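Enquirer: The structure is given below, and queries will be raised subsequently.
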Amino acid sequence: MSKRWRTGLSIIAFIAAAAVIYILPSVLELFAIINATIYVSMAILALSLALIWGAGGILSFGQAAFFGLGGYTYAVAAINFGDSTWAVVLAMVVPALFAALLGYFIFWGRIGDVYLGVITLTMTLILYKLFNATAGDAYTIGKARLGGFNGIPSTPPLNLPWDVGTALMPEEIWYIAAGLLLLFYFGSRWLLSTAFGRVVISIRENERRTELLGYDVRRYKLGIFTIGGAMAGVAGILFANCVFVSPTMFSLFYNAQVIIWVTVGGVGTLFGPIVGAIALQMLVAKLGTMNGLDPNVVRGAILILFVLLVPKGIMPVLQSAFERLRARSPVPPEPAAPRSVAPPVPKHEAGKPEAALTVGGGS
Amino acid sequence: MNALAAVPVAQPTIRKAIIETRGLVMRFGGVEVLRGIDFGIVPGELRCLVGPNGAGKSTFFKCLTGQYQPSGGDIRFKGEQIGGLPSVDIARRGIGIKTQVPSLYDGLTAREHIWLAVRRSVATAGGFGREVNAAVEKVLETMGIAHLADRIVGQLAHGQRQMVELAMVTAAQPDLILLDEPAAGMTHDEVERLAALVLSLRGTCSLIVVEHDMQFIRMIARTVTVLHQGQVLMEDNVETVLRDRRVRDVYLGKREVV
Amino acid sequence: MDLVVVVILQVVASVASLALISVGLAVIFGMMRVINLAHGEFIMLGGYAVIYATRWGVNLWVAMLIVAPLFVGVIGIVVERAVIRFLYGRMIDTMLATWGLSLLLIGAATMIFGNTTTGVSAPLGGISIGQYQTSLYELVLAVIVALVLVGLMVILKRTKAGLIARATMQNPSMAASLGISTSTVYSVTFGAGAALSGMAGALIAPLSGVLPTMGISYVAKAFITVISGGAAIISGTLSASALLGSLNTLATFAATPVIGEVVLLLTAIVLLRILPQGITGKYFRRAL
């Protein structure tokens, strides 16, 4: 059954990913490692939108709001505490709380589609304007100067928990970032296979129906929105460690990028957006160094082409190609016609439909 | 009102009725779609609701399930006022609906549909994963859709989709089930199976069935309520209703008259 | 007293400029249910059209009111034929595709024009009210915006083309069966919306300068104004601009321009929370 294939593939993918993560620092130069860490933080940001949009059906145009809030919270807290431990915790809590507040406002107001897009986008713009206007000494939080348009140039790096003396090296931050990406990816898959996750997916498929079955859809949407907010906050922390925090983190540019990655990778999948984020950043970086081509031209063209030609994104297309390939092989394919005998699944697994929920549900 | 009194089984009193409406009015802009509906059924009853297009049947269902907020009148379910409550709350109190256009999750499998319904009722009763899964398999068996369990519902035939939706609605174990044209688009065999299923539900819960298919109504109904232009035209035994001249006028000759 | 006059004039100017930058988006959204996220770049292109036209010796007013709308209108028609027409009925996909277009145009403009602000000087000079100075051009702008809105109303309500357009938007299949070429109507409508955006860019170029990324600061505001206004094109744009523009200006006078912007955005959010269908979703439902 395709479930076993999927599990097998996941294990292979996991081992391959772990190997790449482990080897990378020994083959790359320092600058490339930092770049790779940025890519990974972006992949986490993409994954956070994949959860909210792909699984929950909530198209937020303001995912960068949580990303920026995470970065700023981390920077301000780390500067004030001198220790990054609580800064990391806060940098997840603040965006999550913000997401919860915004989500309460949106979902309890029954705001959907375009209107939801406008409100999330507006919220990000407000933050962008506010943080841009924080130049000057008046805008300091404790010891941290917010610095207006320039942001906070000297963001302290992560240190070992409660051990201020040992600031982490870029290689170590790379391991943490890549490890977190793996953790979040498998965590998200697990989340979507839980009862909570399945209800969230059912809301994406048919909100009215879920409501008529007696589920309070607002709570589930709020839940996934908040989780996505916290995850975007983590992406912000990692970004702050590699670059520094500035109001551009809230800009339309990042909002657009995340949406492009998820669209290209495949809305409704979790793996696709990660691939989309990393591949597109590499592509844009490559083209940018080659011939003075403006990277925005590349991004824009990619987004248009994908919406027109591959609206489902890369992953679903690859998956169905793979399924077709397997169907041609001598291994007995999945039944095309309904069968009256019990399906060849172990009984205890029969009631666990996560395969179709996490991946097949996207089609 | 007079017709109502003529039917002893259906005589609703606040004490007895599982659901009861008094003077239910629904207006859209200047159009009054429901014009004061007095209706009620007793627990365990199976009632058919008929009427020509535009009589207000689906609107009536939408008021009962909270998808519309009634403009006036009372809706009582198990003695409690539910008119105007959000649909989640009404669903939780025990009203399930199969809508006219099948409302399903096209990207999910049939088993997942049933799981969503079962989980609500079992988890509310304090049950856990294993019990839910067992209950899901049981529903799939008894509703005769076990062979469809792993199919994506978006790819099923219309009649099969109807069955999945019906199974999902019953799996949530509501006290009152509303079925809006459940036989539409089904083959003759499927209609017969559906009728058997509906009859088997009678007694365990109360049902209101909206249907155009008179054959199907004959198979399942005892008491039939006729809606016309947003009002109860008559309410009586199925044969009496089908013989009634007014009903025939409404359905055939004078159907087009406003 | 003078201050009051100045504040009132500022409010009028601010409402007018909000209506100006929104009306093109409103036409496209109101008529076609398409959210055009490349709207800001149409504005930007209108600005460049004016700069290049005047450099080549075209009269400024001609450049602003004729050359820029024509140029951007043609671009709009090309975009509609090449991209948008494949995506009707897929609102989210249209938003994504036009967002892609927006990035593409920003990138292309950066490559062609460079990432610097260019400008034309504002015509007409200033007028003084007591001790205060205000630009006459901004007031003329308000008059032009009023004329544009009235003109739009007349075209939609009183002309054959307007009737055909409205009929197509209401019921495309019925219009098609009456022999109307709906795809032409869509093209022309999109082109008209683009032309209005181009004119907006041309008219604000003397005030703000022109920059490849200038669209970003307008698209969000226009988007917010249109959605807050709701489905009705003219009354929606007007009512939302009036509300948001005046609050913006008053808050700017009371505090800082940043606070003014924030008040504008917060008002829009609260407005959508109270009236999820926008102002005209609740009031003047049948208006245009």
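By convention in this document, the chains of the structure tokens carry letters A, B, ... by their order, each chain's residues are numbered from 1, and ligands are numbered from 1 in the order they are shown.
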Could you please select, counting only C-alpha atoms, the residues of chain A within 8 Å of chain C and state them as a PyMOL selection string?

Expert: chain A and resi 105-106+109+111+115+118-119+121-123+126+129-130+133+252+256+260+293-304+307-308+311

Enquirer: Can you pull out every residue within 12 Å of Ile66 of chain C, counting only C-alpha atoms, but drop anything in the same chain fewer than 3 positions away, and send it as a PyMOL selection string?

Expert: chain C and resi 46+49-50+53+58-63+69-73+195-196+198-200+202-203

Enquirer: Pull out every residue of chain B sitting within 7 Å of chain A, counting only C-alpha atoms, and send them as a list in words.

Expert: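 Within 7 Å of chain A on chain B, we get Ser87, Val88, Asp89, Ala91, Arg92, Gly96, Ser103, Leu104, Tyr105, Asp106, Gly107, Leu108, Glu112, Leu116, Ala117, Asn133, His147 and Leu148 of chain B.
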
Enquirer: Please tabulate, as JSON lines, the residues of segment 203-248 of chain B that come within 7 Å of segment 169-182 of chain B, each with its closest pair of atoms and the distance in Å to one decimal, counting only C-alpha atoms and ordering rows by chain, then residue number upward.

Expert:
```
{"residue": "B:Cys205", "atom": "CA", "partner": "B:Asp175", "partner_atom": "CA", "distance": 5.0}
{"residue": "B:Ser206", "atom": "CA", "partner": "B:Leu176", "partner_atom": "CA", "distance": 4.7}
{"residue": "B:Leu207", "atom": "CA", "partner": "B:Ile177", "partner_atom": "CA", "distance": 4.8}
{"residue": "B:Ile208", "atom": "CA", "partner": "B:Leu178", "partner_atom": "CA", "distance": 4.9}
{"residue": "B:Val209", "atom": "CA", "partner": "B:Leu179", "partner_atom": "CA", "distance": 4.7}
{"residue": "B:Val210", "atom": "CA", "partner": "B:Asp180", "partner_atom": "CA", "distance": 4.9}
{"residue": "B:Glu211", "atom": "CA", "partner": "B:Glu181", "partner_atom": "CA", "distance": 4.6}
```

Enquirer: Quick one: DSSP strand (DSSP E or B) residues in segment 117-204 of chain C, as a list in words?

Expert: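 Taking segment 117-204 of chain C and keeping strand (DSSP E or B) gives Thr118, Gly126, Ile127, Ser128, Ile129, Tyr132, Gln133, Thr134 and Ser135 of chain C.
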
Enquirer: Restricting the output to C-alpha atoms, write the selected residues as a short mmCIF file (atom, residue, chain, number, x, y, z; two decimals), in the first residue's frame.

Expert:
```cif
data_model
loop_
_atom_site.label_atom_id
_atom_site.label_comp_id
_atom_site.auth_asym_id
_atom_site.auth_seq_id
_atom_site.Cartn_x
_atom_site.Cartn_y
_atom_site.Cartn_z
CA THR C 118 13.20 60.85 -10.65
CA GLY C 126 1.48 77.58 -4.37
CA ILE C 127 -1.14 79.77 -2.79
CA SER C 128 -1.00 81.33 0.62
CA ILE C 129 -3.77 81.25 3.16
CA TYR C 132 0.26 79.12 5.59
CA GLN C 133 1.37 77.95 2.16
CA THR C 134 -0.38 75.24 0.27
CA SER C 135 0.09 73.81 -3.18
#
```

Enquirer: Identify, on the basis of only C-alpha atoms, every residue whose closest approach to Ile52 of chain A does not exceed 8 Å; exclude the query and any residue fewer than 4 positions from it along the same chain; express the result as a list in words.

Expert: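 Everything that qualifies: Ser48, Gly56, Gly57, Ile58, Leu59, Ser60, Ile224, Phe225 and Gly228 of chain A.
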
Enquirer: Store the residues picked out above, limited to C-alpha atoms, as a CSV table (one decimal), in the first residue's frame.

Expert:
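As written to disk, result_33.csv reads:
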```csv
chain,number,residue,atom,x,y,z
A,48,SER,CA,4.7,27.9,9.0
A,56,GLY,CA,-5.8,25.2,7.4
A,57,GLY,CA,-6.9,27.0,4.3
A,58,ILE,CA,-6.2,30.4,5.8
A,59,LEU,CA,-4.3,32.5,3.3
A,60,SER,CA,-2.5,34.9,5.4
A,224,ILE,CA,-3.3,26.4,13.8
A,225,PHE,CA,-2.9,30.1,13.2
A,228,GLY,CA,2.1,28.9,12.6
```

Enquirer: Using only C-alpha atoms, which residues sit within 12 Å of segment 176-185 of chain C once same-chain residues fewer than 5 positions away are excluded, as a PDB file with C-alpha atoms, in the first residue's frame?

Expert:
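And here is the file that came out, result11.pdb:
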```
ATOM      1  CA  ILE C  28     -11.110  46.028 -11.755  1.00  0.00           C
ATOM      2  CA  MET C  31     -16.479  44.919 -12.182  1.00  0.00           C
ATOM      3  CA  MET C  32     -14.441  41.755 -12.476  1.00  0.00           C
ATOM      4  CA  ILE C  77      -4.869  44.906 -21.998  1.00  0.00           C
ATOM      5  CA  GLU C  80      -5.245  40.656 -19.318  1.00  0.00           C
ATOM      6  CA  ARG C  81      -4.771  38.736 -22.565  1.00  0.00           C
ATOM      7  CA  ILE C  84      -5.532  37.210 -16.257  1.00  0.00           C
ATOM      8  CA  ARG C  85      -7.947  35.669 -18.735  1.00  0.00           C
ATOM      9  CA  PHE C  86      -6.779  32.174 -17.843  1.00  0.00           C
ATOM     10  CA  TYR C  88     -11.167  34.083 -14.079  1.00  0.00           C
ATOM     11  CA  LYS C 160     -23.996  51.927 -24.293  1.00  0.00           C
ATOM     12  CA  ALA C 161     -20.489  50.709 -23.478  1.00  0.00           C
ATOM     13  CA  GLY C 162     -21.167  51.101 -19.785  1.00  0.00           C
ATOM     14  CA  LEU C 163     -24.392  49.146 -20.050  1.00  0.00           C
ATOM     15  CA  ILE C 164     -22.663  46.371 -21.970  1.00  0.00           C
ATOM     16  CA  ALA C 165     -19.909  46.238 -19.365  1.00  0.00           C
ATOM     17  CA  ARG C 166     -22.335  46.136 -16.451  1.00  0.00           C
ATOM     18  CA  ALA C 167     -24.457  43.482 -18.141  1.00  0.00           C
ATOM     19  CA  THR C 168     -21.418  41.305 -18.752  1.00  0.00           C
ATOM     20  CA  MET C 169     -20.288  41.566 -15.161  1.00  0.00           C
ATOM     21  CA  GLN C 170     -23.764  40.767 -13.833  1.00  0.00           C
ATOM     22  CA  ASN C 171     -24.340  37.730 -15.991  1.00  0.00           C
ATOM     23  CA  PHE C 190      -9.167  45.633 -17.266  1.00  0.00           C
ATOM     24  CA  GLY C 191      -7.491  48.058 -19.639  1.00  0.00           C
ATOM     25  CA  ALA C 192      -9.703  50.878 -18.387  1.00  0.00           C
TER      26      ALA C 192
END
```

Enquirer: Between atom CA of Met153 of chain C and atom CA of Ile234 of chain C, what is the spacing in Å?

Expert: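 Separating atom CA of Ile234 of chain C from atom CA of Met153 of chain C is a distance of 7.2 Å.
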
Enquirer: For the structure I just gave you, how does DSSP split segment 143-273 of chain A - specifically, which residues are alpha helix (DSSP H)? Reply as a PyMOL selection string.

Expert: chain A and resi 170-193+195-205+207-212+217-242+252-265+271-273

Enquirer: Take atom CA of Ala77 of chain A and atom CA of Pro156 of chain A and report the distance between them in Å, one decimal.

Expert: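 Computing the Euclidean distance for atom CA of Ala77 of chain A and atom CA of Pro156 of chain A yields 9.7 Å.
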
Enquirer: Mind checking which residues fall within 6 Å of Ser241 of chain C, counting only C-alpha atoms, ignoring those fewer than 3 positions away in the same chain, and posting them as a ChimeraX atom specification?

Expert: /C:15,18-19,237-238,244-245

Enquirer: So which residues touch segment 56-67 of chain B within 6 Å, counting only C-alpha atoms, skipping near sequence neighbours fewer than 6 positions away, as a PDB file with N, CA and C atoms, in the first residue's frame?

Expert:
```
ATOM      1  N   VAL B  33     -40.052  34.315   2.670  1.00  0.00           N
ATOM      2  CA  VAL B  33     -39.962  32.943   2.175  1.00  0.00           C
ATOM      3  C   VAL B  33     -40.690  31.983   3.111  1.00  0.00           C
ATOM      4  N   GLY B  84     -31.937  31.114  15.965  1.00  0.00           N
ATOM      5  CA  GLY B  84     -30.920  32.150  15.914  1.00  0.00           C
ATOM      6  C   GLY B  84     -29.588  31.771  16.521  1.00  0.00           C
ATOM      7  N   LEU B  85     -29.499  30.589  17.126  1.00  0.00           N
ATOM      8  CA  LEU B  85     -28.195  30.160  17.653  1.00  0.00           C
ATOM      9  C   LEU B  85     -27.258  29.851  16.486  1.00  0.00           C
ATOM     10  N   PRO B  86     -25.935  29.963  16.686  1.00  0.00           N
ATOM     11  CA  PRO B  86     -25.009  29.572  15.618  1.00  0.00           C
ATOM     12  C   PRO B  86     -25.122  28.079  15.321  1.00  0.00           C
ATOM     13  N   SER B  87     -24.796  27.706  14.085  1.00  0.00           N
ATOM     14  CA  SER B  87     -25.029  26.315  13.684  1.00  0.00           C
ATOM     15  C   SER B  87     -24.211  25.311  14.487  1.00  0.00           C
ATOM     16  N   GLY B 230     -44.357  29.063   1.654  1.00  0.00           N
ATOM     17  CA  GLY B 230     -43.882  29.428   2.976  1.00  0.00           C
ATOM     18  C   GLY B 230     -44.867  29.185   4.101  1.00  0.00           C
TER      19      GLY B 230
END
```
